[in-house]
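> Before I ask anything, let me first share the structure, which is written out below as structure tokens.
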Amino acid sequence: MFHDELVERCKKGDTRSYETLYQQYSKAMFNTSLRIVNNASDAEDVLQEAFMDAFRFLGDFNYKSTFGAWLKRIVINKSINVLRKRKIDLVDIDNTSVADQPVEELDEENMQLKVAEVKKAVTLLPNGYRTVLTLYLFEGYDHEEIAEIMRISESTVRTQYHRAKHKLLHIIKGGLS
């Protein structure tokens with residue numbers, strides 16, 4: 001395993017291995033953060049802090065997952081902390097009556113969209129919606145994992161995801177201005 005060898009070299013203090021790991025993962029981790037924080041400057045800060053923490057605590061990395069998965073978890077947690085500082089607005093379904101209201105079904109199958117349009121529409125979502133949608137669709141986390149990461153209830157995650165999906169479709173159908 002090439003990545004495991006790099007990690008081992010980093011643990012031994014090989015500076016070239018640090019640089020190689022950074023080069024291999026920085027773009028993907030920046031994009032992960034950018035999809036969550038929706039601000040390039042904040043995503044750059046998250047990226048730098050995540051790598052600093054990852055390299056500082058590399059001794060704690062125990063190969064139960066890949067280095068990339070471990071680093072992505074750090075990036076996601078730091079990105080969510082940025083949103084917490086911005087006071088993201090999440091609606092807890094347990095404290096609202098919205099759960100009883102029917103939601104209009106949108107015809108997703110007939111929508112032929114360009115990737116760029118979808119990406120732009122995702123950036124227009126409110127922070128909470130965008131974060132849950134990104135973690136679920138793009139990063140592959142399930143509702144329970146997202147609830148744990150964001151420190152909210154699983155029902156809130158499901159509500160945010162459902163609303164994000166419908167708001168995204170609404171933005172796309174209404175056109176991107």
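Residue names in the structure tokens use chain letters A, B, ... in the order shown, residue numbers from 1 in each chain, and ligand numbers from 1 in the order shown.
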With a distance cut-off of 12 Å and only C-alpha atoms, select the neighbouring residues of A:Ala69, excluding the residue or stretch itself and same-chain residues fewer than 3 positions from it, and output the selection as a ChimeraX atom specification.

/A:3,25,28-29,32,54,61,63-66,72-76,139-141

> Write the residues of the preceding selection, restricted to C-alpha atoms, as a compact mmCIF listing (two decimals), in the first residue's frame.


# COMPACT_ATOMS: atom_id res chain seq x y z
CA HIS A 3 -0.33 5.51 1.04
CA TYR A 25 -5.10 14.84 -0.95
CA ALA A 28 -10.05 16.59 -2.92
CA MET A 29 -10.12 17.79 0.69
CA THR A 32 -15.00 18.53 0.28
CA ALA A 54 -3.57 15.27 10.73
CA PHE A 61 -3.67 7.05 12.95
CA TYR A 63 -4.99 2.10 9.84
CA LYS A 64 -8.56 1.11 10.78
CA SER A 65 -9.51 3.17 7.73
CA THR A 66 -7.54 4.64 4.88
CA LYS A 72 -11.75 13.53 5.21
CA ARG A 73 -13.36 13.06 8.63
CA ILE A 74 -11.06 15.77 10.02
CA VAL A 75 -11.91 18.09 7.11
CA ILE A 76 -15.65 17.53 7.51
CA GLU A 139 -19.44 12.19 0.87
CA GLY A 140 -21.51 9.02 1.33
CA TYR A 141 -22.39 9.35 5.01

> Run DSSP on the backbone of this structure and report the residues of stretch 17-173 of chain A it assigns to alpha helix (DSSP H), as a PyMOL selection string.

chain A and resi 17-37+40-56+67-85+115-123+127-133+143-150+154-173

> Please indicate the distance in Å from atom CA of A:Lys11 to atom CA of A:Leu58, rounded to one decimal place.

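These atoms are spaced 6.6 Å apart.
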
> Which residues are near A:Asn77? Cut-off 12 Å, only C-alpha atoms, ignore same chain within fewer than 3 positions. Put them as a ChimeraX atom specification.

/A:29,32-33,36-37,46-47,49-50,53,70-74,80-84,131,135,145-151

> Quote the spacing between atom CA of A:Glu144 and atom CA of A:Asn39 in Å to one decimal place.

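So the answer is 26.2 Å.
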
> Report, in Å to a single decimal, how far apart atom CA of A:Gln24 and atom CA of A:Leu6 are.

10.8 Å

> Closest to A:Gly68 among A:His166, A:Arg35, A:Lys27, A:Arg158, using only C-alpha atoms?

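Using only C-alpha atoms, A:Gly68 sits closest to A:Lys27.
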
> Quick one: of A:Ile172, A:Cys10, A:Met52, A:Leu34, who's nearest to A:Ala116, counting only C-alpha atoms?

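Of A:Ile172, A:Cys10, A:Met52, A:Leu34, the one nearest A:Ala116 is A:Ile172, counting only C-alpha atoms.
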